[in-house]
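For reference, the structure discussed in these notes is given below.
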Amino acid sequence: MAPVPRNWLGLAVIALPCAVYAMDLTVLNLAVPAVSADLRPSSTQLLWIVDSYGFLVAGLLITMGALGDRVGRRRVLLVGAAGFGVVSVLAAYTPTAETLIAARAALGVAGATLAPSTLALIRTMFDDPRQRTIAISVWITSFSTGAAIGPLVGGLLLEHFWWGAVFLPAVPVMVLVLVLGPRLLPEYRDPAAGRLDPISALLGLLAVLAVIYGLKQAAQDGIGWAPAAAVLAGLVLGAAFLRRQRRLPDPLIDLRLFRVPAFSAALAAYTLGFFVNFGSLLFVSQYLQLVLGLSPLAAGAWTVPSAAGFVLGSLLTPRLLRAAAPGPLTAAGLLLAAAGAALLTLLDTGPGPATVVAGSVIISLGLSAVFTVATDLVVAAAPPRRAGAASAISETGSELGGALGIAVLGAVAAAVYRLQLAEPLPGGRGLDVTVDTLGAAVATAGSWPATQGELLLDAARAAFVDGFQVAAALSAAVLLATAALAWRRLREAEPDGAEPDGAEPSRCRETSR
């Protein structure tokens with residue numbers, strides 16, 4: 001048997017941290033009810049626990065991608081893997097909601113090194129476009145595999161241990177990356193890169209955090225001066241960041257990439273696809289456990305078909321690209337995902353998970369094609385020496401889209417939930433902040449008299465489903481609009497890897513230890 005080429009073995013190593021990243025997101029969603037019952041976070045704290053990781057990743061991805069281009073992509077990957085493993089242990093044993101938010105933020109700092117480093121390595125390891133598309137499909141499949149394994153592993157851990165145990169499976173995987181990475185991954189860096197600009201890095205991070213903070217406050221307290229001021233400050237900082245990039249001789253982001261229609265349209269489809277995908281994940285896990293009353297293990301098992309849909313769709317996409325152009329295939333995937341979101345508007349409080357599983361699988365099959373095609377177009381649009389920065393832009397889109405999906409769709413659903421529970425229960429029992437999330441309502445119902453507790457559960461579950469339905473309808477509308485954009489802007493796109501106008505010839509140095 002012929003030996004497996006080193007690059008393909010290296011791809012297997014690259015897939016490991018990607019799977020852990022997805023698994024970490026999935027198992028935390030599964031653990032939300034247990035975290036709510038144990039730490040009793042407010043609705044805003046709960047949202048920060050879920051997505052502070054994603055926000056920090058989104059704010060630092062561009063910096064980490066540019067850092068990898070300068071000091072070495074393998075080096076940044078290995079440092080990030082080590083940090084991710086250490087902080088995972090700390091997150092597992094955190095005692096309060098505030099410290100869990102801090103631990104998740106630290107995980108975000110470490111996680112920001114993983115995606116751009118791995119995707120940039122793929123860009124420079126696989127020069128052949130067909131091989132690169134296959135490698136990217138494997139890369140995306142690794143995320144889907146992690147998402148599939150995560151609920152099962154997390155469900156088993158939650159059945160037998162405390163909720164913090166869901167963070168621990170990342171530790172041995174990161175150790176394996178540290179052992180195999182130096183042996184199988186080449187080192188790539190740009191010999192002509194200038195110094196990293198710390199002011200740009202700070203501006204980018206603060207811009208993202210200010211916008212997200214404003215959205216969080218609006219989700220909790222409604223639209224007011226404070227949330228609006230935070231969002232406005234974030235937009236101003238973002239404008240200052242972009243202006244600085246235009247003036248720097250070696251910016252963190254090459255803004256000329258956005259002049260390439262395939263790049264900008266693919267990035268928009270990628271970002272909005274993750275807006276829907278991440279937002280729906282938050283609702284599905286709570287629906288299965290807190291509305292249908294399934295155990296963590298059973299809920300985890302019912303999320304496997306959706307993850308399997310991503311695996312299947314990602315692996316089929318390279319074959320589909322032989323018969324269809326990127327634009328029509330992306331638009332078709334978005335339309336299929338919109339049909340799945342529309343199906344979720346038919347949910348009710350019983351009797352089983354068939355509707356939510358079917359809708360989730362359809363969304364997964366549609367978005368898997370979108371993510372594979374869009375990633376290939378975005379990465380191929382940049383010269384190899386800028387692969388880290390281009391990969392970071394792509395992953396910033398996914399993380400920011402996902403985080404905003406959780407924040408915006410979560411805020412919409414929370415507003416519907418609070419509106420539905422605004423009236424006192426039969427018998428005059430009033431509701432207060434202790435039931436401003438479904439998890440808190442389930443915990444509170446256990447301390448009330450049986451009849452009133454059951455009335456509270458019925459009202460809270462019905463309110464949650466109403467919020468879920470509204471969020472699903474909004475998701476379907478976003479996907480339909482994105483499909484129209486993809487059809488218009490990507491019909492003639494080809495992932496040819498051309499340099500942006502005015503860019504220097506591609507230069508990249510490969511070194512090995």
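If you're wondering about the labels, chains in the structure tokens are A, B, ... by order shown, residues count from 1 in each chain, ligands from 1 in order shown.
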
message: Show me, as a PyMOL selection string, the residues that have an atom within 10 Å of Ala342 of chain A when counting only C-alpha atoms, minus same-chain residues fewer than 6 positions from it.
response: chain A and resi 336+359+363+469+472-477

Go ahead and save the residues from that selection, with N, CA and C atoms, as a compact mmCIF listing (two decimals), in the first residue's frame.
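The result, stored in result_0.txt:
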# COMPACT_ATOMS: atom_id res chain seq x y z
N LEU A 336 -32.79 25.64 0.71
CA LEU A 336 -33.09 24.42 1.47
C LEU A 336 -33.08 24.71 2.96
N GLY A 359 -36.53 19.69 10.97
CA GLY A 359 -36.15 21.04 10.58
C GLY A 359 -34.66 21.28 10.71
N ILE A 363 -31.93 22.20 7.68
CA ILE A 363 -31.04 23.36 7.78
C ILE A 363 -29.58 22.93 7.61
N GLN A 469 -40.61 30.01 17.71
CA GLN A 469 -41.29 30.11 16.41
C GLN A 469 -41.00 31.45 15.74
N ALA A 472 -37.50 31.42 14.45
CA ALA A 472 -37.38 30.57 13.26
C ALA A 472 -37.92 31.29 12.02
N ALA A 473 -39.01 32.02 12.17
CA ALA A 473 -39.55 32.77 11.03
C ALA A 473 -38.57 33.86 10.58
N LEU A 474 -37.93 34.53 11.54
CA LEU A 474 -36.93 35.54 11.19
C LEU A 474 -35.74 34.89 10.48
N SER A 475 -35.34 33.70 10.94
CA SER A 475 -34.24 32.98 10.31
C SER A 475 -34.56 32.63 8.86
N ALA A 476 -35.77 32.17 8.61
CA ALA A 476 -36.17 31.83 7.25
C ALA A 476 -36.12 33.06 6.34
N ALA A 477 -36.55 34.20 6.84
CA ALA A 477 -36.52 35.43 6.04
C ALA A 477 -35.08 35.83 5.72

Exercise. Using only C-alpha atoms, find the one residue out of A:Leu56, A:Ile362, A:Met23, A:Ala97 that sits nearest to Leu39 of chain A.
Key: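 Comparing A:Leu56, A:Ile362, A:Met23, A:Ala97 against Leu39 of chain A, the winner is A:Ala97.
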
| request: Show which residues sit within 9 Å of Pro41 of chain A, as an MDAnalysis selection string. Count only C-alpha atoms, and ignore same-chain residues fewer than 4 positions away. | output: chainID A and resid 35:37 45:46 49 96:98 440

What would the file look like if the residues just selected were written as a PDB file, in the first residue's frame with N, CA and C atoms?
ATOM      1  N   VAL A  35     -26.333  24.522  34.069  1.00  0.00           N
ATOM      2  CA  VAL A  35     -25.669  25.753  34.488  1.00  0.00           C
ATOM      3  C   VAL A  35     -26.692  26.717  35.090  1.00  0.00           C
ATOM      4  N   SER A  36     -27.862  26.829  34.463  1.00  0.00           N
ATOM      5  CA  SER A  36     -28.911  27.717  34.968  1.00  0.00           C
ATOM      6  C   SER A  36     -29.360  27.307  36.367  1.00  0.00           C
ATOM      7  N   ALA A  37     -29.523  26.002  36.568  1.00  0.00           N
ATOM      8  CA  ALA A  37     -29.988  25.517  37.867  1.00  0.00           C
ATOM      9  C   ALA A  37     -28.926  25.674  38.950  1.00  0.00           C
ATOM     10  N   GLN A  45     -26.469  37.235  31.838  1.00  0.00           N
ATOM     11  CA  GLN A  45     -25.310  36.410  32.184  1.00  0.00           C
ATOM     12  C   GLN A  45     -25.327  35.091  31.420  1.00  0.00           C
ATOM     13  N   LEU A  46     -26.521  34.509  31.268  1.00  0.00           N
ATOM     14  CA  LEU A  46     -26.618  33.246  30.546  1.00  0.00           C
ATOM     15  C   LEU A  46     -26.190  33.425  29.094  1.00  0.00           C
ATOM     16  N   ILE A  49     -22.451  33.701  29.058  1.00  0.00           N
ATOM     17  CA  ILE A  49     -21.812  32.400  29.254  1.00  0.00           C
ATOM     18  C   ILE A  49     -21.768  31.625  27.945  1.00  0.00           C
ATOM     19  N   THR A  96     -18.806  30.294  39.957  1.00  0.00           N
ATOM     20  CA  THR A  96     -19.857  31.309  39.833  1.00  0.00           C
ATOM     21  C   THR A  96     -20.099  31.651  38.367  1.00  0.00           C
ATOM     22  N   ALA A  97     -21.216  32.313  38.110  1.00  0.00           N
ATOM     23  CA  ALA A  97     -21.521  32.735  36.738  1.00  0.00           C
ATOM     24  C   ALA A  97     -20.479  33.713  36.227  1.00  0.00           C
ATOM     25  N   GLU A  98     -20.015  34.626  37.094  1.00  0.00           N
ATOM     26  CA  GLU A  98     -19.038  35.624  36.668  1.00  0.00           C
ATOM     27  C   GLU A  98     -17.711  34.967  36.274  1.00  0.00           C
ATOM     28  N   ALA A 440     -34.665  28.965  34.550  1.00  0.00           N
ATOM     29  CA  ALA A 440     -35.009  29.487  35.870  1.00  0.00           C
ATOM     30  C   ALA A 440     -36.445  29.152  36.235  1.00  0.00           C
TER      31      ALA A 440
END

List every residue of segment 138-281 of chain A that DSSP, applied to the backbone of this structure, assigns to helix (DSSP H, G or I), and report them as a ChimeraX atom specification. /A:138-160,163-167,170-184,198-221,225-247,255-259,261-281

Selected residues written out with C-alpha atoms, as a short mmCIF file (atom, residue, chain, number, x, y, z; two decimals), in the first residue's frame:
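After the write, selection30.cif holds the following:
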data_model
loop_
_atom_site.label_atom_id
_atom_site.label_comp_id
_atom_site.auth_asym_id
_atom_site.auth_seq_id
_atom_site.Cartn_x
_atom_site.Cartn_y
_atom_site.Cartn_z
CA VAL A 138 -12.83 17.68 5.42
CA TRP A 139 -12.05 20.75 7.54
CA ILE A 140 -15.74 21.67 7.73
CA THR A 141 -16.64 18.02 8.30
CA SER A 142 -14.36 18.02 11.35
CA PHE A 143 -16.51 20.77 12.88
CA SER A 144 -19.64 18.76 12.09
CA THR A 145 -18.11 15.61 13.55
CA GLY A 146 -17.28 17.48 16.73
CA ALA A 147 -20.84 18.75 16.84
CA ALA A 148 -22.11 15.17 16.42
CA ILE A 149 -19.81 13.72 19.07
CA GLY A 150 -20.32 16.61 21.48
CA PRO A 151 -23.95 15.92 22.43
CA LEU A 152 -23.23 12.23 23.02
CA VAL A 153 -20.11 12.85 25.07
CA GLY A 154 -21.73 15.78 26.84
CA GLY A 155 -24.90 13.81 27.51
CA LEU A 156 -22.95 10.93 29.02
CA LEU A 157 -20.91 13.31 31.17
CA LEU A 158 -23.99 15.22 32.33
CA GLU A 159 -25.72 11.95 33.21
CA HIS A 160 -22.90 10.95 35.59
CA TRP A 163 -21.82 20.26 34.24
CA GLY A 164 -18.16 21.39 34.30
CA ALA A 165 -17.06 17.97 33.08
CA VAL A 166 -18.18 18.90 29.56
CA PHE A 167 -15.05 21.05 29.17
CA ALA A 170 -10.75 19.06 25.06
CA VAL A 171 -7.67 18.42 27.20
CA PRO A 172 -6.42 15.07 25.80
CA VAL A 173 -7.20 16.15 22.22
CA MET A 174 -5.11 19.30 22.57
CA VAL A 175 -2.28 17.25 24.06
CA LEU A 176 -2.40 15.04 20.95
CA VAL A 177 -2.20 18.13 18.71
CA LEU A 178 0.86 19.31 20.63
CA VAL A 179 2.54 15.94 20.15
CA LEU A 180 1.73 15.36 16.45
CA GLY A 181 1.67 18.94 15.14
CA PRO A 182 5.46 19.55 15.13
CA ARG A 183 5.97 16.22 13.34
CA LEU A 184 3.33 16.44 10.61
CA PRO A 198 -1.41 46.71 18.26
CA ILE A 199 -3.67 49.74 17.83
CA SER A 200 -5.54 48.00 15.01
CA ALA A 201 -5.89 44.87 17.11
CA LEU A 202 -7.30 46.87 20.03
CA LEU A 203 -9.69 48.85 17.83
CA GLY A 204 -11.05 45.67 16.23
CA LEU A 205 -11.58 43.95 19.57
CA LEU A 206 -13.25 46.96 21.22
CA ALA A 207 -15.51 47.53 18.21
CA VAL A 208 -16.86 43.98 18.38
CA LEU A 209 -17.28 43.98 22.15
CA ALA A 210 -19.03 47.37 22.23
CA VAL A 211 -21.60 46.32 19.62
CA ILE A 212 -22.26 43.03 21.38
CA TYR A 213 -22.55 44.70 24.78
CA GLY A 214 -25.19 47.04 23.38
CA LEU A 215 -27.14 44.11 21.96
CA LYS A 216 -26.93 42.30 25.29
CA GLN A 217 -28.26 45.28 27.21
CA ALA A 218 -31.06 45.72 24.71
CA ALA A 219 -31.93 42.02 25.08
CA GLN A 220 -32.20 42.40 28.85
CA ASP A 221 -33.66 45.87 29.36
CA TRP A 225 -29.95 55.18 25.51
CA ALA A 226 -27.25 52.99 27.08
CA PRO A 227 -27.51 50.07 24.60
CA ALA A 228 -27.80 52.48 21.65
CA ALA A 229 -24.71 54.39 22.82
CA ALA A 230 -22.72 51.16 23.11
CA VAL A 231 -23.66 50.05 19.60
CA LEU A 232 -22.88 53.49 18.22
CA ALA A 233 -19.50 53.49 19.95
CA GLY A 234 -18.75 50.08 18.44
CA LEU A 235 -19.62 51.31 14.96
CA VAL A 236 -17.41 54.38 15.40
CA LEU A 237 -14.51 52.19 16.58
CA GLY A 238 -15.11 49.89 13.62
CA ALA A 239 -14.96 52.83 11.23
CA ALA A 240 -11.70 53.97 12.86
CA PHE A 241 -10.31 50.45 12.46
CA LEU A 242 -11.13 50.37 8.74
CA ARG A 243 -9.73 53.86 8.20
CA ARG A 244 -6.48 52.83 9.89
CA GLN A 245 -6.23 49.76 7.66
CA ARG A 246 -6.35 51.97 4.55
CA ARG A 247 -3.40 54.02 5.82
CA LEU A 255 -9.43 45.84 2.15
CA ARG A 256 -8.84 45.29 -1.57
CA LEU A 257 -10.17 41.77 -1.08
CA PHE A 258 -13.66 43.19 -0.62
CA ARG A 259 -13.55 44.52 -4.19
CA PRO A 261 -17.36 40.11 -5.89
CA ALA A 262 -16.89 36.42 -5.10
CA PHE A 263 -15.10 37.27 -1.85
CA SER A 264 -17.64 39.77 -0.53
CA ALA A 265 -20.74 37.79 -1.54
CA ALA A 266 -19.34 34.51 -0.24
CA LEU A 267 -18.41 36.18 3.05
CA ALA A 268 -21.95 37.57 3.39
CA ALA A 269 -23.49 34.14 2.77
CA TYR A 270 -21.06 32.56 5.23
CA THR A 271 -21.80 35.12 7.94
CA LEU A 272 -25.58 35.05 7.61
CA GLY A 273 -25.60 31.26 7.43
CA PHE A 274 -23.85 31.13 10.80
CA PHE A 275 -26.25 33.76 12.13
CA VAL A 276 -29.05 31.22 11.65
CA ASN A 277 -27.06 28.11 12.55
CA PHE A 278 -25.71 29.26 15.92
CA GLY A 279 -28.97 30.91 16.92
CA SER A 280 -30.97 27.74 16.29
CA LEU A 281 -28.53 25.57 18.26
#

Across A:Ala19, A:Ala486, A:Leu456, A:Ala307, the smallest distance to Gly439 of chain A, with only C-alpha atoms counted, is shown by A:Leu456

One residue among A:Arg488, A:Leu196, A:Leu288, A:Ala331 is nearest to Thr355 of chain A when using only C-alpha atoms, and that residue is A:Leu288

Using only C-alpha atoms, which residues sit within 12 Å of Gly309 of chain A once same-chain residues fewer than 3 positions away are excluded, as an MDAnalysis selection string?
chainID A and resid 141 144:145 147:148 303:306 312:316 337 357:369

Selection from above, C-alpha atoms, as a PDB file, in the first residue's frame, can you write it?
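The resulting file, result.pdb, is shown below:
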ATOM      1  CA  THR A 141     -16.643  18.022   8.302  1.00  0.00           C
ATOM      2  CA  SER A 144     -19.635  18.762  12.090  1.00  0.00           C
ATOM      3  CA  THR A 145     -18.112  15.614  13.553  1.00  0.00           C
ATOM      4  CA  ALA A 147     -20.843  18.753  16.839  1.00  0.00           C
ATOM      5  CA  ALA A 148     -22.105  15.173  16.423  1.00  0.00           C
ATOM      6  CA  THR A 303     -29.125  16.366  17.944  1.00  0.00           C
ATOM      7  CA  VAL A 304     -26.882  13.805  16.205  1.00  0.00           C
ATOM      8  CA  PRO A 305     -28.995  13.669  12.982  1.00  0.00           C
ATOM      9  CA  SER A 306     -28.483  17.409  12.472  1.00  0.00           C
ATOM     10  CA  LEU A 312     -22.972  14.298   4.752  1.00  0.00           C
ATOM     11  CA  GLY A 313     -23.537  17.647   3.059  1.00  0.00           C
ATOM     12  CA  SER A 314     -19.914  18.753   3.479  1.00  0.00           C
ATOM     13  CA  LEU A 315     -18.559  15.541   1.986  1.00  0.00           C
ATOM     14  CA  LEU A 316     -20.997  15.666  -0.955  1.00  0.00           C
ATOM     15  CA  ALA A 337     -32.030  25.819   4.835  1.00  0.00           C
ATOM     16  CA  VAL A 357     -35.141  17.120  14.344  1.00  0.00           C
ATOM     17  CA  ALA A 358     -36.474  17.266  10.756  1.00  0.00           C
ATOM     18  CA  GLY A 359     -36.150  21.039  10.582  1.00  0.00           C
ATOM     19  CA  SER A 360     -32.620  20.949  12.014  1.00  0.00           C
ATOM     20  CA  VAL A 361     -31.489  18.258   9.550  1.00  0.00           C
ATOM     21  CA  ILE A 362     -32.824  20.216   6.566  1.00  0.00           C
ATOM     22  CA  ILE A 363     -31.040  23.359   7.780  1.00  0.00           C
ATOM     23  CA  SER A 364     -27.808  21.376   8.190  1.00  0.00           C
ATOM     24  CA  LEU A 365     -27.932  19.857   4.702  1.00  0.00           C
ATOM     25  CA  GLY A 366     -28.501  23.275   3.130  1.00  0.00           C
ATOM     26  CA  LEU A 367     -25.908  25.214   5.121  1.00  0.00           C
ATOM     27  CA  SER A 368     -23.173  22.574   4.771  1.00  0.00           C
ATOM     28  CA  ALA A 369     -22.975  23.270   1.034  1.00  0.00           C
TER      29      ALA A 369
END

> So which residues touch Gly293 of chain A within 12 Å, counting only C-alpha atoms, skipping near sequence neighbours fewer than 2 positions away, as a PyMOL selection string?
Replying inline: chain A and resi 33+285-291+295-299+349-353+439+442+457+461

Practice prompt. Select, from A:Gly10, A:Pro116, A:Gly467, A:Pro169, the residue with the minimum atom-to-atom distance to Thr375 of chain A, counting only C-alpha atoms.
Written response: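 Between A:Gly10, A:Pro116, A:Gly467, A:Pro169, the residue approaching Thr375 of chain A most closely is A:Pro116.
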
ask   = Closest to Phe84 of chain A among A:Leu168, A:Ala450, A:Leu329, A:Ala484, using only C-alpha atoms?
value =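 Using only C-alpha atoms, Phe84 of chain A sits closest to A:Leu168.
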
For Asp51 of chain A, the closest of A:Pro129, A:Gly224, A:Pro326, A:Gly410 counting only C-alpha atoms is A:Gly410
